file input30.cif (mmCIF, C-alpha atoms)
data_target
loop_
_atom_site.label_atom_id
_atom_site.label_comp_id
_atom_site.auth_asym_id
_atom_site.auth_seq_id
_atom_site.Cartn_x
_atom_site.Cartn_y
_atom_site.Cartn_z
CA MET J 27 49.19 56.86 -24.27
CA LYS J 28 45.87 55.69 -25.78
CA ALA J 29 47.38 52.24 -26.28
CA ASP J 30 48.37 52.13 -22.59
CA LEU J 31 44.83 53.08 -21.63
CA ALA J 32 43.42 50.34 -23.87
CA VAL J 33 45.71 47.74 -22.29
CA ALA J 34 44.78 48.85 -18.77
CA ALA J 35 41.09 48.89 -19.73
CA GLN J 36 41.37 45.37 -21.21
CA ARG J 37 42.98 43.99 -18.07
CA MET J 38 40.45 45.71 -15.82
CA PHE J 39 37.56 44.55 -18.02
CA ASN J 40 38.77 40.94 -18.00
CA ALA J 41 39.20 40.95 -14.22
CA ALA J 42 35.73 42.47 -13.70
CA LEU J 43 34.21 40.01 -16.17
CA ARG J 44 35.77 37.05 -14.35
CA THR J 45 34.46 38.40 -11.04
CA ALA J 46 30.97 38.94 -12.48
CA ARG J 47 30.87 35.44 -13.96
CA ALA J 48 32.13 33.92 -10.72
CA SER J 49 29.17 35.66 -9.07
CA ARG J 50 26.93 33.68 -11.46
CA ILE J 51 25.67 36.71 -13.36
CA ALA J 52 24.22 35.88 -16.80
CA PRO J 53 26.86 36.34 -19.56
CA ALA J 54 25.27 39.37 -21.25
CA GLN J 55 24.70 41.11 -17.91
CA ALA J 56 28.26 40.20 -16.83
CA LEU J 57 29.56 42.00 -19.94
CA ARG J 58 27.52 45.08 -19.03
CA VAL J 59 28.66 45.05 -15.40
CA ALA J 60 32.33 44.69 -16.39
CA ASN J 61 32.02 47.41 -19.02
CA ASP J 62 30.24 49.80 -16.61
CA PHE J 63 33.04 49.26 -14.09
CA VAL J 64 35.75 50.10 -16.66
CA VAL J 65 33.82 53.15 -17.88
CA ARG J 66 33.58 54.47 -14.30
CA GLN J 67 37.22 53.77 -13.52
CA LEU J 68 38.97 54.69 -16.79
CA GLY J 69 36.35 56.21 -19.05
CA PHE J 70 36.95 53.49 -21.66
CA ASP J 71 33.78 51.89 -23.12
CA TRP J 72 34.55 48.46 -24.57
CA ILE J 73 30.99 47.80 -25.76
CA SER J 74 31.08 51.01 -27.78
CA GLU J 75 34.65 50.43 -29.05
CA LEU J 76 33.75 46.94 -30.26
CA GLY J 77 30.40 48.06 -31.68
CA ILE J 78 28.47 45.24 -30.00
CA ALA J 79 25.75 47.23 -28.23
CA ALA J 80 22.99 46.13 -30.62
CA GLU J 81 24.06 42.49 -30.53
CA LEU J 82 24.26 42.57 -26.74
CA GLU J 83 20.79 44.14 -26.45
CA GLU J 84 19.41 41.53 -28.86
CA LEU J 85 21.03 38.73 -26.87
CA ALA J 86 19.63 39.98 -23.57
CA PRO J 87 17.90 43.33 -22.97
CA ALA J 88 19.39 45.46 -20.22
CA HIS J 89 17.80 45.16 -16.80
CA GLU J 90 17.86 47.37 -13.74
CA PRO J 91 21.25 48.62 -12.49
CA VAL J 92 23.39 45.77 -11.19
CA THR J 93 26.54 45.94 -9.11
CA ILE J 94 29.54 43.66 -9.38
CA THR J 95 27.82 41.41 -6.83
CA GLY J 96 25.02 40.84 -9.31
CA ARG J 97 22.35 42.52 -7.18
CA ALA J 98 20.50 45.75 -7.81
CA SER J 99 21.96 48.54 -5.69
CA SER J 100 19.98 51.53 -4.47
CA VAL J 101 23.32 53.33 -3.98
CA ALA J 102 24.15 52.78 -7.66
CA GLU J 103 20.69 53.96 -8.73
CA PHE J 104 21.01 57.09 -6.54
CA MET J 105 24.48 57.88 -7.87
CA GLU J 106 23.51 57.32 -11.50
CA ALA J 107 20.51 59.67 -11.05
CA LEU J 108 22.71 62.25 -9.30
CA LEU J 109 25.45 62.10 -11.95
CA ALA J 110 22.86 62.31 -14.75
CA GLY J 111 21.44 65.51 -13.23
CA GLU J 112 18.07 63.90 -12.45
CA LEU J 113 18.11 65.01 -8.79
CA ALA J 114 18.30 68.77 -9.37
CA PRO J 115 19.00 70.97 -7.51
CA LEU J 116 21.40 68.37 -6.07
CA LYS J 117 24.70 67.98 -7.85
CA PRO J 118 27.97 66.28 -6.95
CA MET J 119 29.73 68.67 -4.61
CA PRO J 120 31.66 68.34 -1.36
CA GLY J 121 29.48 67.92 1.71
CA LEU J 122 29.34 66.07 5.00
CA THR J 123 29.15 62.33 4.48
CA THR J 124 26.22 62.07 6.88
CA ALA J 125 24.37 64.82 4.98
CA TRP J 126 24.85 62.99 1.66
CA TYR J 127 23.74 59.77 3.33
CA GLY J 128 20.65 61.61 4.59
CA ALA J 129 19.91 62.78 1.03
CA TYR J 130 20.34 59.20 -0.21
CA THR J 131 18.02 57.72 2.46
CA ALA J 132 15.41 60.42 1.75
CA TRP J 133 15.64 59.58 -1.96
CA CYS J 134 15.24 55.87 -1.14
CA SER J 135 12.19 56.63 0.98
CA ARG J 136 10.61 58.69 -1.82
CA SER J 137 11.48 56.07 -4.45
CA GLY J 138 10.31 53.07 -2.45
CA LYS J 139 13.84 51.62 -2.36
CA ARG J 140 15.57 49.96 0.55
CA ALA J 141 18.42 52.13 1.83
CA ALA J 142 21.79 50.53 2.49
CA PRO J 143 23.48 51.17 5.85
CA LEU J 144 25.90 54.12 6.02
CA LYS J 145 28.97 51.85 5.87
CA ARG J 146 27.67 50.16 2.71
CA PHE J 147 26.86 53.56 1.17
CA VAL J 148 30.43 54.76 1.80
CA TYR J 149 31.89 51.44 0.59
CA GLU J 150 29.98 51.51 -2.71
CA LEU J 151 30.90 55.14 -3.37
CA ASP J 152 34.55 54.27 -2.87
CA HIS J 153 34.67 50.96 -4.75
CA SER J 154 32.21 51.61 -7.58
CA TYR J 155 32.82 55.32 -8.21
CA SER J 156 36.18 56.07 -6.54
CA PHE J 157 34.45 58.79 -4.48
CA ARG J 158 36.24 58.60 -1.17
CA THR J 159 35.34 60.13 2.13
CA ALA J 160 38.01 61.76 4.28
CA ARG J 161 38.20 63.34 7.69
CA LYS J 162 38.80 67.04 7.17
CA GLY J 163 38.84 70.08 9.41
CA LEU J 164 36.59 72.95 8.35
CA ARG J 165 37.73 76.53 9.03
CA GLU J 166 35.02 79.07 9.76
CA ALA J 167 35.73 82.59 11.02
CA GLY J 168 39.41 81.68 11.31
CA VAL J 169 38.77 78.71 13.62
CA ARG J 170 39.32 75.17 12.44
CA SER J 171 36.82 72.62 13.73
CA HIS J 172 37.48 69.03 14.68
CA PRO J 173 37.77 66.83 11.58
CA LYS J 174 34.50 65.67 10.07
CA SER J 175 33.84 63.02 7.45
CA VAL J 176 33.49 64.79 4.11
CA LEU J 177 32.50 63.33 0.74
CA CYS J 178 34.36 65.38 -1.90
CA PHE J 179 33.35 63.56 -5.14
CA GLY J 180 36.98 63.90 -6.26
CA ILE J 181 36.69 67.70 -6.30
CA GLU J 182 39.65 69.61 -4.85
CA ALA J 183 40.06 73.15 -3.57
CA PRO J 184 41.20 75.63 -6.22
CA ARG J 185 44.89 76.44 -6.25
CA GLY J 186 45.85 79.09 -3.74
CA VAL J 187 42.71 78.63 -1.62
CA LEU J 188 42.93 77.24 1.89
CA GLU J 189 41.26 73.81 1.72
CA SER J 190 39.63 74.01 5.16
CA GLU J 191 37.94 77.36 4.33
CA TRP J 192 36.88 76.16 0.88
CA LEU J 193 35.43 72.96 2.35
CA ALA J 194 33.49 74.92 4.97
CA ASP J 195 31.91 76.97 2.14
CA GLN J 196 31.17 73.82 0.14
CA VAL J 197 29.57 72.08 3.13
CA ARG J 198 27.41 75.14 3.82
CA SER J 199 26.36 75.31 0.14
CA SER J 200 25.54 71.60 0.02
CA CYS J 201 23.37 71.94 3.15
CA GLU J 202 21.48 74.76 1.43
CA LEU J 203 20.92 72.52 -1.62
CA PHE J 204 19.63 69.70 0.58
CA ALA J 205 17.21 72.13 2.26
CA ALA J 206 16.07 73.47 -1.15
CA ALA J 207 15.42 69.90 -2.27
CA GLY J 208 13.41 69.23 0.90
CA LEU J 209 15.75 66.47 2.06
CA ARG J 210 16.33 65.72 5.68
CA MET J 211 19.86 65.14 6.90
CA ASN J 212 21.03 62.65 9.51
#
call {"tool": "encode", "arguments": {"input": "input30.cif", "output": "structure tokens"}}
result
Amino acid sequence: MKADLAVAAQRMFNAALRTARASRIAPAQALRVANDFVVRQLGFDWISELGIAAELEELAPAHEPVTITGRASSVAEFMEALLAGELAPLKPMPGLTTAWYGAYTAWCSRSGKRAAPLKRFVYELDHSYSFRTARKGLREAGVRSHPKSVLCFGIEAPRGVLESEWLADQVRSSCELFAAAGLRMN
């Protein structure tokens, strides 16, 4: 199984590296971008496995976060801060897509970053982190609402729990976290 993962990681790394180089990213940065992509997708770190981190840093020190397009991404910076726990009390949890976008734009405003449009935000979450949005109905007091766009961060309802009720609780909890963090929501 580990060998299969290594083969898949090698193929994914090579494809990402070719894409990064075609985007005219410097070779050392292209290696980092490709490796970051594979780590996010499969959890396999080629730079660590090959033991070339020091050589890579010596060749070219790491710069600000870069996406596969070769440009810094405020979405990537926001997500990396969120996943690292730097945006407490916020944490990855299901919530309305527009509420998460509101938290992101508020963070951009506070950080002096330029916010991406909502469609770009959703696209980057899907393609860089595999965090997909989905239209889901929320059930409150036994009544299911019209479907709303929900960002679940890959988290699913516990077994035996009705998803629509669980999601309604998660959305309510995420809104409370946004309020506690002083973030406005769109």
call {"tool": "closest_residue", "arguments": {"input": "input30.cif", "among": "J:Gly121, J:Gly208, J:Pro143, J:Gly138", "to": "J:Ala194", "atoms": "only C-alpha atoms"}}
result
J:Gly121
call {"tool": "closest_residue", "arguments": {"input": "input30.cif", "among": "J:Asp71, J:Glu106, J:Glu182, J:Glu202", "to": "J:Ser154", "atoms": "all atoms listed in the file"}}
result
J:Glu106
call {"tool": "residues_around", "arguments": {"input": "input30.cif", "residues": "J:Gly128", "least_positions_apart": "2", "cutoff": "10 Å", "atoms": "only C-alpha atoms", "output": "ChimeraX atom specification"}}
result
/J:122-126,130-134,144,204,209-212
call {"tool": "atom_distance", "arguments": {"input": "input30.cif", "atom1": "atom CA of J:Ser190", "atom2": "atom CA of J:Leu164"}}
result
4.5 Å
call {"tool": "residues_around", "arguments": {"input": "input30.cif", "residues": "J:Pro115", "least_positions_apart": "5", "cutoff": "8 Å", "atoms": "all atoms listed in the file", "output": "PDB file with C-alpha atoms, in the coordinates of the input"}}
result
ATOM      1  CA  LEU J 203      20.920  72.520  -1.620  1.00  0.00           C
ATOM      2  CA  ALA J 206      16.070  73.470  -1.150  1.00  0.00           C
ATOM      3  CA  ALA J 207      15.420  69.900  -2.270  1.00  0.00           C
TER       4      ALA J 207
END
call {"tool": "atom_distance", "arguments": {"input": "input30.cif", "atom1": "atom CA of J:Ala54", "atom2": "atom CA of J:Gly77"}}
result
14.5 Å
call {"tool": "residues_near_point", "arguments": {"input": "input30.cif", "point": "(15.1, 48.9, -0.3)", "cutoff": "10 Å", "atoms": "all atoms listed in the file", "output": "MDAnalysis selection string"}}
result
chainID J and resid 98:100 131 134:135 137:142
call {"tool": "resolve_selection", "arguments": {"input": "input30.cif", "expression": "the PyMOL selection byres ((chain J and resi 36-40) around 12)", "output": "PyMOL selection string"}}
result
chain J and resi 29-35+41-47+56-73+75-76+94
call {"tool": "atom_distance", "arguments": {"input": "input30.cif", "atom1": "atom CA of J:Leu193", "atom2": "atom CA of J:Arg136"}}
result
28.9 Å
call {"tool": "closest_residue", "arguments": {"input": "input30.cif", "among": "J:Phe147, J:Ala160, J:Met119, J:Gly168", "to": "J:Phe104", "atoms": "all atoms listed in the file"}}
result
J:Phe147
call {"tool": "resolve_selection", "arguments": {"input": "input30.cif", "expression": "the PyMOL selection byres ((chain J and resi 183) around 12)", "output": "ChimeraX atom specification"}}
result
/J:119-120,178-182,184-196
call {"tool": "write_last_selection", "arguments": {"input": "input30.cif", "atoms": "C-alpha atoms", "output": "compact mmCIF listing (two decimals), in the coordinates of the input"}}
result
# COMPACT_ATOMS: atom_id res chain seq x y z
CA MET J 119 29.73 68.67 -4.61
CA PRO J 120 31.66 68.34 -1.36
CA CYS J 178 34.36 65.38 -1.90
CA PHE J 179 33.35 63.56 -5.14
CA GLY J 180 36.98 63.90 -6.26
CA ILE J 181 36.69 67.70 -6.30
CA GLU J 182 39.65 69.61 -4.85
CA PRO J 184 41.20 75.63 -6.22
CA ARG J 185 44.89 76.44 -6.25
CA GLY J 186 45.85 79.09 -3.74
CA VAL J 187 42.71 78.63 -1.62
CA LEU J 188 42.93 77.24 1.89
CA GLU J 189 41.26 73.81 1.72
CA SER J 190 39.63 74.01 5.16
CA GLU J 191 37.94 77.36 4.33
CA TRP J 192 36.88 76.16 0.88
CA LEU J 193 35.43 72.96 2.35
CA ALA J 194 33.49 74.92 4.97
CA ASP J 195 31.91 76.97 2.14
CA GLN J 196 31.17 73.82 0.14
call {"tool": "closest_residue", "arguments": {"input": "input30.cif", "among": "J:Thr159, J:Glu103, J:Leu116, J:Ser199", "to": "J:Lys145", "atoms": "all atoms listed in the file"}}
result
J:Thr159
